[in-house]
>>> print(open('protein_11.pdb').read())   # PDB, C-alpha atoms
ATOM      1  CA  MET A   1      -7.568 -36.145  24.596  1.00  0.00           C
ATOM      2  CA  ARG A   2      -3.986 -36.682  23.462  1.00  0.00           C
ATOM      3  CA  SER A   3      -5.056 -37.864  20.004  1.00  0.00           C
ATOM      4  CA  LYS A   4      -6.902 -34.567  19.446  1.00  0.00           C
ATOM      5  CA  LEU A   5      -3.749 -32.671  20.426  1.00  0.00           C
ATOM      6  CA  ILE A   6      -1.670 -34.759  18.016  1.00  0.00           C
ATOM      7  CA  GLU A   7      -4.279 -34.286  15.262  1.00  0.00           C
ATOM      8  CA  GLY A   8      -4.206 -30.535  15.789  1.00  0.00           C
ATOM      9  CA  SER A   9      -0.422 -30.362  15.583  1.00  0.00           C
ATOM     10  CA  VAL A  10      -0.385 -32.503  12.432  1.00  0.00           C
ATOM     11  CA  ILE A  11      -2.928 -30.200  10.797  1.00  0.00           C
ATOM     12  CA  ASP A  12      -0.865 -27.163  11.858  1.00  0.00           C
ATOM     13  CA  MET A  13       2.241 -28.730  10.371  1.00  0.00           C
ATOM     14  CA  LYS A  14       0.420 -29.429   7.100  1.00  0.00           C
ATOM     15  CA  LEU A  15      -0.798 -25.837   6.934  1.00  0.00           C
ATOM     16  CA  LYS A  16       2.717 -24.545   7.627  1.00  0.00           C
ATOM     17  CA  LEU A  17       4.038 -26.813   4.885  1.00  0.00           C
ATOM     18  CA  LEU A  18       1.420 -25.418   2.483  1.00  0.00           C
ATOM     19  CA  ASN A  19       2.533 -21.907   3.410  1.00  0.00           C
ATOM     20  CA  ILE A  20       6.185 -22.790   2.717  1.00  0.00           C
ATOM     21  CA  LEU A  21       5.208 -24.369  -0.625  1.00  0.00           C
ATOM     22  CA  SER A  22       3.261 -21.227  -1.452  1.00  0.00           C
ATOM     23  CA  GLY A  23       6.350 -19.132  -0.730  1.00  0.00           C
ATOM     24  CA  ILE A  24       8.476 -21.379  -2.949  1.00  0.00           C
ATOM     25  CA  CYS A  25       5.949 -21.136  -5.793  1.00  0.00           C
ATOM     26  CA  PHE A  26       5.833 -17.360  -5.421  1.00  0.00           C
ATOM     27  CA  PHE A  27       9.630 -17.126  -5.477  1.00  0.00           C
ATOM     28  CA  ILE A  28       9.854 -19.258  -8.619  1.00  0.00           C
ATOM     29  CA  SER A  29       7.271 -17.005 -10.243  1.00  0.00           C
ATOM     30  CA  SER A  30       9.148 -13.837  -9.322  1.00  0.00           C
ATOM     31  CA  ALA A  31      12.551 -15.255 -10.203  1.00  0.00           C
ATOM     32  CA  CYS A  32      11.384 -15.947 -13.751  1.00  0.00           C
ATOM     33  CA  LEU A  33      11.097 -12.189 -14.261  1.00  0.00           C
ATOM     34  CA  MET A  34      14.853 -11.924 -13.723  1.00  0.00           C
ATOM     35  CA  SER A  35      15.448 -14.069 -16.803  1.00  0.00           C
ATOM     36  CA  VAL A  36      13.766 -11.571 -19.141  1.00  0.00           C
ATOM     37  CA  PRO A  37      16.854  -9.376 -19.766  1.00  0.00           C
ATOM     38  CA  PHE A  38      18.893 -12.417 -20.762  1.00  0.00           C
ATOM     39  CA  LEU A  39      16.453 -13.796 -23.336  1.00  0.00           C
ATOM     40  CA  ASP A  40      17.316 -13.304 -26.996  1.00  0.00           C
ATOM     41  CA  LEU A  41      14.034 -12.273 -28.607  1.00  0.00           C
ATOM     42  CA  LYS A  42      15.425 -10.975 -31.916  1.00  0.00           C
ATOM     43  CA  GLU A  43      14.194 -14.041 -33.767  1.00  0.00           C
ATOM     44  CA  GLY A  44      10.906 -14.231 -31.878  1.00  0.00           C
ATOM     45  CA  PHE A  45       9.953 -16.211 -28.836  1.00  0.00           C
ATOM     46  CA  THR A  46      12.179 -19.199 -28.191  1.00  0.00           C
ATOM     47  CA  THR A  47      11.415 -22.364 -26.270  1.00  0.00           C
ATOM     48  CA  VAL A  48      13.281 -20.987 -23.265  1.00  0.00           C
ATOM     49  CA  ALA A  49      11.044 -17.893 -23.253  1.00  0.00           C
ATOM     50  CA  TYR A  50       7.946 -20.080 -23.202  1.00  0.00           C
ATOM     51  CA  ILE A  51       9.401 -22.205 -20.398  1.00  0.00           C
ATOM     52  CA  PHE A  52      10.071 -19.127 -18.261  1.00  0.00           C
ATOM     53  CA  ALA A  53       6.609 -17.732 -19.025  1.00  0.00           C
ATOM     54  CA  GLY A  54       5.040 -21.056 -18.070  1.00  0.00           C
ATOM     55  CA  LEU A  55       7.039 -21.205 -14.841  1.00  0.00           C
ATOM     56  CA  PHE A  56       6.012 -17.640 -14.021  1.00  0.00           C
ATOM     57  CA  TRP A  57       2.302 -18.340 -14.424  1.00  0.00           C
ATOM     58  CA  PHE A  58       2.509 -21.804 -12.830  1.00  0.00           C
ATOM     59  CA  GLY A  59       4.250 -20.434  -9.737  1.00  0.00           C
ATOM     60  CA  LEU A  60       1.916 -17.460  -9.463  1.00  0.00           C
ATOM     61  CA  ILE A  61      -1.291 -19.488  -9.852  1.00  0.00           C
ATOM     62  CA  CYS A  62      -0.136 -22.302  -7.543  1.00  0.00           C
ATOM     63  CA  GLY A  63       0.964 -19.799  -4.896  1.00  0.00           C
ATOM     64  CA  LEU A  64      -2.365 -17.971  -5.086  1.00  0.00           C
ATOM     65  CA  VAL A  65      -4.373 -21.195  -4.880  1.00  0.00           C
ATOM     66  CA  LEU A  66      -2.359 -22.330  -1.841  1.00  0.00           C
ATOM     67  CA  GLN A  67      -2.854 -18.935  -0.166  1.00  0.00           C
ATOM     68  CA  ILE A  68      -6.618 -19.140  -0.791  1.00  0.00           C
ATOM     69  CA  ILE A  69      -6.697 -22.615   0.760  1.00  0.00           C
ATOM     70  CA  LEU A  70      -4.715 -21.351   3.748  1.00  0.00           C
ATOM     71  CA  ALA A  71      -6.972 -18.310   4.151  1.00  0.00           C
ATOM     72  CA  ASN A  72     -10.035 -20.554   4.270  1.00  0.00           C
ATOM     73  CA  ALA A  73      -8.382 -22.933   6.740  1.00  0.00           C
ATOM     74  CA  CYS A  74      -7.251 -20.073   9.012  1.00  0.00           C
ATOM     75  CA  LYS A  75     -10.452 -18.027   8.967  1.00  0.00           C
ATOM     76  CA  GLY A  76     -11.080 -18.118  12.710  1.00  0.00           C
ATOM     77  CA  LEU A  77      -7.471 -17.908  13.854  1.00  0.00           C
ATOM     78  CA  PRO A  78      -6.229 -14.613  15.266  1.00  0.00           C
ATOM     79  CA  THR A  79      -3.331 -12.783  13.651  1.00  0.00           C
ATOM     80  CA  ILE A  80      -0.327 -12.443  15.906  1.00  0.00           C
ATOM     81  CA  LYS A  81       0.444  -8.818  16.687  1.00  0.00           C
ATOM     82  CA  LYS A  82       4.210  -9.434  16.697  1.00  0.00           C
ATOM     83  CA  ASN A  83       4.411  -9.384  12.884  1.00  0.00           C
ATOM     84  CA  LYS A  84       2.599  -6.053  12.461  1.00  0.00           C
ATOM     85  CA  LYS A  85       5.783  -3.985  12.155  1.00  0.00           C
ATOM     86  CA  ILE A  86       7.309  -6.331   9.608  1.00  0.00           C
ATOM     87  CA  LEU A  87       4.097  -6.395   7.587  1.00  0.00           C
ATOM     88  CA  ARG A  88       3.852  -2.596   7.688  1.00  0.00           C
ATOM     89  CA  ILE A  89       7.432  -2.251   6.405  1.00  0.00           C
ATOM     90  CA  ILE A  90       6.810  -4.747   3.606  1.00  0.00           C
ATOM     91  CA  ARG A  91       3.580  -2.946   2.679  1.00  0.00           C
ATOM     92  CA  ILE A  92       5.416   0.396   2.461  1.00  0.00           C
ATOM     93  CA  ILE A  93       8.170  -1.185   0.355  1.00  0.00           C
ATOM     94  CA  PHE A  94       5.535  -2.656  -1.956  1.00  0.00           C
ATOM     95  CA  TRP A  95       3.826   0.698  -2.521  1.00  0.00           C
ATOM     96  CA  VAL A  96       7.109   2.530  -3.096  1.00  0.00           C
ATOM     97  CA  LEU A  97       8.208  -0.082  -5.630  1.00  0.00           C
ATOM     98  CA  LEU A  98       4.814  -0.054  -7.313  1.00  0.00           C
ATOM     99  CA  ILE A  99       4.913   3.719  -7.660  1.00  0.00           C
ATOM    100  CA  THR A 100       8.433   3.557  -9.124  1.00  0.00           C
ATOM    101  CA  VAL A 101       7.196   1.306 -11.925  1.00  0.00           C
ATOM    102  CA  ILE A 102       5.622   4.341 -13.647  1.00  0.00           C
ATOM    103  CA  PRO A 103       8.843   6.395 -13.964  1.00  0.00           C
ATOM    104  CA  VAL A 104      10.786   3.293 -14.940  1.00  0.00           C
ATOM    105  CA  ILE A 105       8.386   2.644 -17.814  1.00  0.00           C
ATOM    106  CA  ALA A 106       8.249   6.312 -18.817  1.00  0.00           C
ATOM    107  CA  PHE A 107      11.918   7.263 -18.624  1.00  0.00           C
ATOM    108  CA  PHE A 108      13.920   4.045 -18.749  1.00  0.00           C
ATOM    109  CA  ASN A 109      12.027   2.024 -21.369  1.00  0.00           C
ATOM    110  CA  ASN A 110      15.262   1.305 -23.280  1.00  0.00           C
ATOM    111  CA  ASN A 111      16.895  -0.284 -20.248  1.00  0.00           C
ATOM    112  CA  ARG A 112      16.571  -4.074 -20.387  1.00  0.00           C
ATOM    113  CA  PHE A 113      17.347  -4.641 -16.716  1.00  0.00           C
ATOM    114  CA  LEU A 114      15.537  -1.966 -14.718  1.00  0.00           C
ATOM    115  CA  LEU A 115      11.904  -2.916 -15.402  1.00  0.00           C
ATOM    116  CA  PRO A 116      12.304  -6.682 -14.799  1.00  0.00           C
ATOM    117  CA  VAL A 117      14.213  -6.024 -11.570  1.00  0.00           C
ATOM    118  CA  ASN A 118      11.555  -3.556 -10.433  1.00  0.00           C
ATOM    119  CA  LEU A 119       8.725  -5.959 -11.272  1.00  0.00           C
ATOM    120  CA  PHE A 120      10.614  -8.782  -9.550  1.00  0.00           C
ATOM    121  CA  LEU A 121      10.805  -6.701  -6.378  1.00  0.00           C
ATOM    122  CA  VAL A 122       7.145  -5.619  -6.604  1.00  0.00           C
ATOM    123  CA  PHE A 123       5.906  -9.191  -6.986  1.00  0.00           C
ATOM    124  CA  LEU A 124       8.292 -10.522  -4.360  1.00  0.00           C
ATOM    125  CA  SER A 125       7.289  -7.935  -1.759  1.00  0.00           C
ATOM    126  CA  ALA A 126       3.574  -8.627  -2.319  1.00  0.00           C
ATOM    127  CA  GLU A 127       4.124 -12.362  -2.112  1.00  0.00           C
ATOM    128  CA  ILE A 128       6.309 -12.121   1.001  1.00  0.00           C
ATOM    129  CA  TYR A 129       3.599 -10.038   2.654  1.00  0.00           C
ATOM    130  CA  TRP A 130       1.014 -12.795   2.230  1.00  0.00           C
ATOM    131  CA  VAL A 131       3.354 -15.594   3.297  1.00  0.00           C
ATOM    132  CA  ILE A 132       4.424 -13.748   6.466  1.00  0.00           C
ATOM    133  CA  ARG A 133       0.820 -12.855   7.228  1.00  0.00           C
ATOM    134  CA  GLN A 134      -0.167 -16.511   7.079  1.00  0.00           C
ATOM    135  CA  MET A 135       2.879 -17.478   9.165  1.00  0.00           C
ATOM    136  CA  GLY A 136       1.587 -15.167  11.886  1.00  0.00           C
ATOM    137  CA  ARG A 137      -1.717 -16.990  11.900  1.00  0.00           C
ATOM    138  CA  LEU A 138      -0.129 -20.423  11.889  1.00  0.00           C
ATOM    139  CA  ASN A 139       2.310 -19.789  14.727  1.00  0.00           C
ATOM    140  CA  GLU A 140       1.092 -22.262  17.324  1.00  0.00           C
ATOM    141  CA  ASN A 141       3.381 -21.138  20.132  1.00  0.00           C
ATOM    142  CA  GLU A 142       1.500 -17.891  20.747  1.00  0.00           C
ATOM    143  CA  ARG A 143      -2.078 -19.061  20.375  1.00  0.00           C
TER     144      ARG A 143
END
>>> encode(input="protein_11.pdb", output="structure tokens")
Amino acid sequence: MRSKLIEGSVIDMKLKLLNILSGICFFISSACLMSVPFLDLKEGFTTVAYIFAGLFWFGLICGLVLQIILANACKGLPTIKKNKKILRIIRIIFWVLLITVIPVIAFFNNNRFLLPVNLFLVFLSAEIYWVIRQMGRLNENER
């Protein structure tokens, strides 16, 4: 009986670790967008630009794959109601930021900093939403 309890807690810890790794991958992906204004692209794409692009896609794809694995592992687990307010706020922030992308592109297309910062915040809010949602499912204290 005790070995099943220990096995369950080890699996929960592994899933929580996967969720943290997913959050780290997502942050790396989003943070690469902040490097765009500082890249010198007058002579074409440099090695640094390709490195940041690779890190962006690597972090995004790894984070998505880890979230898919977590979603499959947590299919039957209930979502904790305590995180609903936080998730609602993050969802509203995401939609507001996503809607502001259109005016930023239309009116501030000469600004090198505004669009990457806006996209950074859009990606980060979407990624935080999924990580917090999975944290609510993996919280073993309230199951």
>>> atom_distance(input="protein_11.pdb", atom1="atom CA of A:Ser22", atom2="atom CA of A:Glu127")
8.9 Å
>>> resolve_selection(input="protein_11.pdb", expression="the PyMOL selection byres ((chain A and resi 33) around 9)", output="PDB file with C-alpha atoms, in the frame of the given file")
ATOM      1  CA  SER A  29       7.271 -17.005 -10.243  1.00  0.00           C
ATOM      2  CA  SER A  30       9.148 -13.837  -9.322  1.00  0.00           C
ATOM      3  CA  ALA A  31      12.551 -15.255 -10.203  1.00  0.00           C
ATOM      4  CA  CYS A  32      11.384 -15.947 -13.751  1.00  0.00           C
ATOM      5  CA  MET A  34      14.853 -11.924 -13.723  1.00  0.00           C
ATOM      6  CA  SER A  35      15.448 -14.069 -16.803  1.00  0.00           C
ATOM      7  CA  VAL A  36      13.766 -11.571 -19.141  1.00  0.00           C
ATOM      8  CA  PRO A  37      16.854  -9.376 -19.766  1.00  0.00           C
ATOM      9  CA  PHE A  52      10.071 -19.127 -18.261  1.00  0.00           C
ATOM     10  CA  ALA A  53       6.609 -17.732 -19.025  1.00  0.00           C
ATOM     11  CA  PHE A  56       6.012 -17.640 -14.021  1.00  0.00           C
ATOM     12  CA  PRO A 116      12.304  -6.682 -14.799  1.00  0.00           C
ATOM     13  CA  VAL A 117      14.213  -6.024 -11.570  1.00  0.00           C
ATOM     14  CA  LEU A 119       8.725  -5.959 -11.272  1.00  0.00           C
ATOM     15  CA  PHE A 120      10.614  -8.782  -9.550  1.00  0.00           C
TER      16      PHE A 120
END
>>> resolve_selection(input="protein_11.pdb", expression="the PyMOL selection byres ((chain A and resi 98-104) around 12)", output="PyMOL selection string")
chain A and resi 91-97+105-126
>>> closest_residue(input="protein_11.pdb", among="A:Leu21, A:Lys84, A:Val48, A:Gln67", to="A:Trp130", atoms="only C-alpha atoms")
A:Gln67
>>> residues_around(input="protein_11.pdb", residues="A:Leu15", least_positions_apart="6", cutoff="9 Å", atoms="only C-alpha atoms", output="VMD selection string")
chain A and resid 70 73 to 74 138
>>> atom_distance(input="protein_11.pdb", atom1="atom CA of A:Ile68", atom2="atom CA of A:Asn139")
17.9 Å
>>> atom_distance(input="protein_11.pdb", atom1="atom CA of A:Leu60", atom2="atom CA of A:Val131")
13.0 Å
>>> closest_residue(input="protein_11.pdb", among="A:Tyr50, A:Phe38, A:Tyr129, A:Phe27", to="A:Leu87", atoms="only C-alpha atoms")
A:Tyr129
>>> axis_aligned_box(input="protein_11.pdb", around="stretch 35-45 of chain A", padding_each_side="3 Å", output="JSON")
{"center_x": 14.4, "center_y": -12.8, "center_z": -25.3, "size_x": 14.9, "size_y": 12.8, "size_z": 23.0}
>>> closest_residue(input="protein_11.pdb", among="A:Arg137, A:Ala49, A:Ile128, A:Ile69", to="A:Leu18", atoms="only C-alpha atoms")
A:Ile69
